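Take a look at the structure below.
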Amino acid sequence: MSAFLGPIHYWLYQKIRKVVEREQLIYEKASSLCGDAATNLRNQLWERYGEPLPDVDLSQLIEGENIHGWLQSQITLAETREAALIKGLIDLCGDGGRDLVEQAFAEHGAECGRNAREQGESAEGASHIYKALNNFLLNGMPCDQADMITVNTEEKVVWESALCLQEANWHRAGVDAPTMKRLYQRWISGFVQALNPDFAYRQTGDTTQGDPVNRHEIIRK
């Protein structure tokens, strides 16, 4: 099967694995706060959505020739299971659950930012940081192309999308989009700060707040 796999498949697989890693970090924090309730919740979600992918080479996981379909299904499963875990923890643990999830997103984003720097990703300007971000942030399939860059300079990058590609999976899990968007903001902010502290990220347009598009920017401080 590996003969059919190309770099783009491994690139996407690694981004799916980042969601799996973040889910595990959330669970580890939750088990300290919520105890057996967190374990019971995780077990229920594994029964419903399946266990997270093991950390093995992609060629050991894909069977058959439908690589595109397999990767798409893994995006759906990973994002939905993580969102369901978040909803469950907030329902079980209240504000404490919400706080630990926010902390996990910020920490994981920062860890990915440090990994990007260690791997030699360029972070000299906003355009380089945006490129590095897209090597770590799972945002649909490569063919989706939901984002449109409207400003692209070394000082500032702005991108817009009419549709949040993760939102359908959030809805499937029963968690509200504003909650998840705040979490993703924490993740991206952590990533950008860790990669280059001279830059910052912010979301300046949000369809859940009535704006016509989702608008994001990375800008030099």
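If you're wondering about the labels, chains in the structure tokens are A, B, ... by order shown, residues count from 1 in each chain, ligands from 1 in order shown.
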
**Request:** Mind checking which residues fall within 10 Å of Asn135 (chain A), counting only C-alpha atoms, ignoring those fewer than 2 positions away in the same chain, and posting them as a list in words?
**Result:**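 Once the adjacent positions are removed, what remains is Trp11, Leu12, Gln14, Lys15, Cys112, Ala116, Glu121, Ile129, Tyr130, Lys131, Ala132, Leu133, Leu137, Leu138 and Asn139 of chain A.
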
**Pairwise distance for CA of Ser59 (chain A) and CA of Glu21 (chain A), rounded to one decimal in Å** =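 Going from CA of Ser59 (chain A) over to CA of Glu21 (chain A), I get 19.4 Å.
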
**Non-local contacts of Ala123 (chain A) (12 Å; only C-alpha atoms; under 6 positions in same chain excluded) as a PyMOL selection string** = chain A and resi 113-114+116-117+129-133+154-155+191-199+218+220

**Asked** What is the CA of Arg22 (chain A) to CA of Gly6 (chain A) distance in Å?
**Response**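 These two atoms are separated by 25.1 Å.
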
**Request:** Write out as a ChimeraX atom specification all residues of region 82-159 of chain A that DSSP puts in helix (DSSP H, G or I) for this structure's backbone.
**Result:** /A:82-93,95-118,126-133

**Request:** Excluding Ile62 (chain A) and any residue of its chain fewer than 2 positions from it, enumerate the residues within 12 Å of it, using only C-alpha atoms, and give them as a VMD selection string.
**Result:** chain A and resid 1 to 5 9 to 10 13 53 56 to 60 64 to 71 73 to 74

**Message:** For a quick check of understanding, using only C-alpha atoms, which of A:Lys156, A:Arg42, A:Arg81, A:His108 has the smallest distance to Tyr184 (chain A)?
**Reply:**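 The shortest atom-to-atom distance to Tyr184 (chain A) comes from A:His108.
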
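Running DSSP on the backbone gives strand (DSSP E) for these residues within region 38-159 of chain A: Met148, Ile149, Thr150, Val151, Asn152, Lys156, Val157, Val158 and Trp159 of chain A.
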
**Request:** Identify which of the residues A:Ala30, A:Ile188, A:Ala173, A:Cys93 lies closest to Arg48 (chain A), counting only C-alpha atoms when measuring atom-to-atom distances.
**Result:**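 For Arg48 (chain A), the nearest of the candidates is A:Ala173.
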
**Asked** A:Met180, A:Val213, A:Cys143, A:Leu77: which is nearest Glu160 (chain A), counting only C-alpha atoms?
**Response**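 Closest to Glu160 (chain A) of all the choices is A:Val213.
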
**Request:** Excluding Arg172 (chain A) and any residue of its chain fewer than 4 positions from it, enumerate the residues within 10 Å of it, using only C-alpha atoms, and give them as a PyMOL selection string.
**Result:** chain A and resi 76+79-81+83-84+167-168+176

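Between CA of Ile149 (chain A) and CA of Cys164 (chain A) the separation is 14.8 Å.
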
Using only C-alpha atoms, which residues sit within 9 Å of Ser161 (chain A) once same-chain residues fewer than 5 positions away are excluded, as a PDB file with all heavy atoms, in the first residue's frame?
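That gives us result.pdb:
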ATOM      1  N   ALA A 146     -10.728  26.197   1.709  1.00  0.00           N
ATOM      2  CA  ALA A 146     -11.755  27.083   2.249  1.00  0.00           C
ATOM      3  C   ALA A 146     -11.243  28.489   2.515  1.00  0.00           C
ATOM      4  O   ALA A 146     -12.013  29.452   2.501  1.00  0.00           O
ATOM      5  CB  ALA A 146     -12.324  26.493   3.542  1.00  0.00           C
ATOM      6  N   ASP A 147      -9.942  28.631   2.767  1.00  0.00           N
ATOM      7  CA  ASP A 147      -9.379  29.930   3.151  1.00  0.00           C
ATOM      8  C   ASP A 147      -8.970  30.739   1.921  1.00  0.00           C
ATOM      9  O   ASP A 147      -8.427  30.198   0.953  1.00  0.00           O
ATOM     10  CB  ASP A 147      -8.160  29.734   4.045  1.00  0.00           C
ATOM     11  CG  ASP A 147      -8.516  29.131   5.393  1.00  0.00           C
ATOM     12  OD1 ASP A 147      -9.712  29.140   5.744  1.00  0.00           O
ATOM     13  OD2 ASP A 147      -7.599  28.650   6.081  1.00  0.00           O
ATOM     14  N   MET A 148      -9.217  32.041   1.998  1.00  0.00           N
ATOM     15  CA  MET A 148      -8.767  32.958   0.949  1.00  0.00           C
ATOM     16  C   MET A 148      -7.903  34.035   1.599  1.00  0.00           C
ATOM     17  O   MET A 148      -8.359  34.753   2.498  1.00  0.00           O
ATOM     18  CB  MET A 148      -9.956  33.605   0.243  1.00  0.00           C
ATOM     19  CG  MET A 148      -9.548  34.586  -0.851  1.00  0.00           C
ATOM     20  SD  MET A 148     -10.968  35.284  -1.740  1.00  0.00           S
ATOM     21  CE  MET A 148     -11.699  36.294  -0.446  1.00  0.00           C
ATOM     22  N   ILE A 149      -6.659  34.125   1.167  1.00  0.00           N
ATOM     23  CA  ILE A 149      -5.745  35.130   1.707  1.00  0.00           C
ATOM     24  C   ILE A 149      -6.050  36.474   1.054  1.00  0.00           C
ATOM     25  O   ILE A 149      -6.090  36.593  -0.169  1.00  0.00           O
ATOM     26  CB  ILE A 149      -4.283  34.731   1.452  1.00  0.00           C
ATOM     27  CG1 ILE A 149      -3.956  33.434   2.186  1.00  0.00           C
ATOM     28  CG2 ILE A 149      -3.343  35.838   1.892  1.00  0.00           C
ATOM     29  CD1 ILE A 149      -2.559  32.900   1.913  1.00  0.00           C
ATOM     30  N   VAL A 213     -18.031  36.803   7.116  1.00  0.00           N
ATOM     31  CA  VAL A 213     -16.983  35.799   6.946  1.00  0.00           C
ATOM     32  C   VAL A 213     -16.225  35.633   8.261  1.00  0.00           C
ATOM     33  O   VAL A 213     -16.281  36.486   9.145  1.00  0.00           O
ATOM     34  CB  VAL A 213     -15.968  36.189   5.838  1.00  0.00           C
ATOM     35  CG1 VAL A 213     -16.644  36.233   4.482  1.00  0.00           C
ATOM     36  CG2 VAL A 213     -15.284  37.514   6.168  1.00  0.00           C
ATOM     37  N   ASN A 214     -15.534  34.521   8.359  1.00  0.00           N
ATOM     38  CA  ASN A 214     -14.544  34.348   9.409  1.00  0.00           C
ATOM     39  C   ASN A 214     -13.247  34.984   8.920  1.00  0.00           C
ATOM     40  O   ASN A 214     -12.781  34.664   7.821  1.00  0.00           O
ATOM     41  CB  ASN A 214     -14.323  32.862   9.696  1.00  0.00           C
ATOM     42  CG  ASN A 214     -15.589  32.168  10.169  1.00  0.00           C
ATOM     43  OD1 ASN A 214     -16.128  32.488  11.220  1.00  0.00           O
ATOM     44  ND2 ASN A 214     -16.070  31.212   9.378  1.00  0.00           N
ATOM     45  N   ARG A 215     -12.700  35.886   9.717  1.00  0.00           N
ATOM     46  CA  ARG A 215     -11.481  36.591   9.287  1.00  0.00           C
ATOM     47  C   ARG A 215     -10.418  36.429  10.381  1.00  0.00           C
ATOM     48  O   ARG A 215     -10.699  36.618  11.570  1.00  0.00           O
ATOM     49  CB  ARG A 215     -11.760  38.070   9.045  1.00  0.00           C
ATOM     50  CG  ARG A 215     -10.548  38.851   8.521  1.00  0.00           C
ATOM     51  CD  ARG A 215     -10.887  40.314   8.275  1.00  0.00           C
ATOM     52  NE  ARG A 215     -11.989  40.459   7.335  1.00  0.00           N
ATOM     53  CZ  ARG A 215     -13.243  40.792   7.699  1.00  0.00           C
ATOM     54  NH1 ARG A 215     -13.525  41.017   8.979  1.00  0.00           N
ATOM     55  NH2 ARG A 215     -14.174  40.912   6.791  1.00  0.00           N
ATOM     56  N   HIS A 216      -9.216  36.097   9.963  1.00  0.00           N
ATOM     57  CA  HIS A 216      -8.108  35.863  10.894  1.00  0.00           C
ATOM     58  C   HIS A 216      -6.893  36.654  10.430  1.00  0.00           C
ATOM     59  O   HIS A 216      -6.743  36.922   9.227  1.00  0.00           O
ATOM     60  CB  HIS A 216      -7.734  34.379  10.936  1.00  0.00           C
ATOM     61  CG  HIS A 216      -8.906  33.466  11.126  1.00  0.00           C
ATOM     62  ND1 HIS A 216      -9.264  32.947  12.339  1.00  0.00           N
ATOM     63  CD2 HIS A 216      -9.814  32.959  10.229  1.00  0.00           C
ATOM     64  CE1 HIS A 216     -10.312  32.177  12.213  1.00  0.00           C
ATOM     65  NE2 HIS A 216     -10.667  32.161  10.938  1.00  0.00           N
TER      66      HIS A 216
END

**Request:** Using only C-alpha atoms, find the one residue out of A:Lys18, A:Lys87, A:Lys221, A:His171 that sits nearest to Glu111 (chain A).
**Result:**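 Result for the nearest residue to Glu111 (chain A): A:Lys18.
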
**Request:** Rank nothing, just name the residue among A:Leu41, A:Tyr49, A:Ile86, A:Thr207 nearest to Ile26 (chain A), using only C-alpha atoms.
**Result:**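 For Ile26 (chain A), the nearest of the candidates is A:Ile86.
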
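Nearest residue to Glu28 (chain A) among A:Ala104, A:Ile219, A:Ile16, A:Leu183 is A:Ala104, counting only C-alpha atoms.
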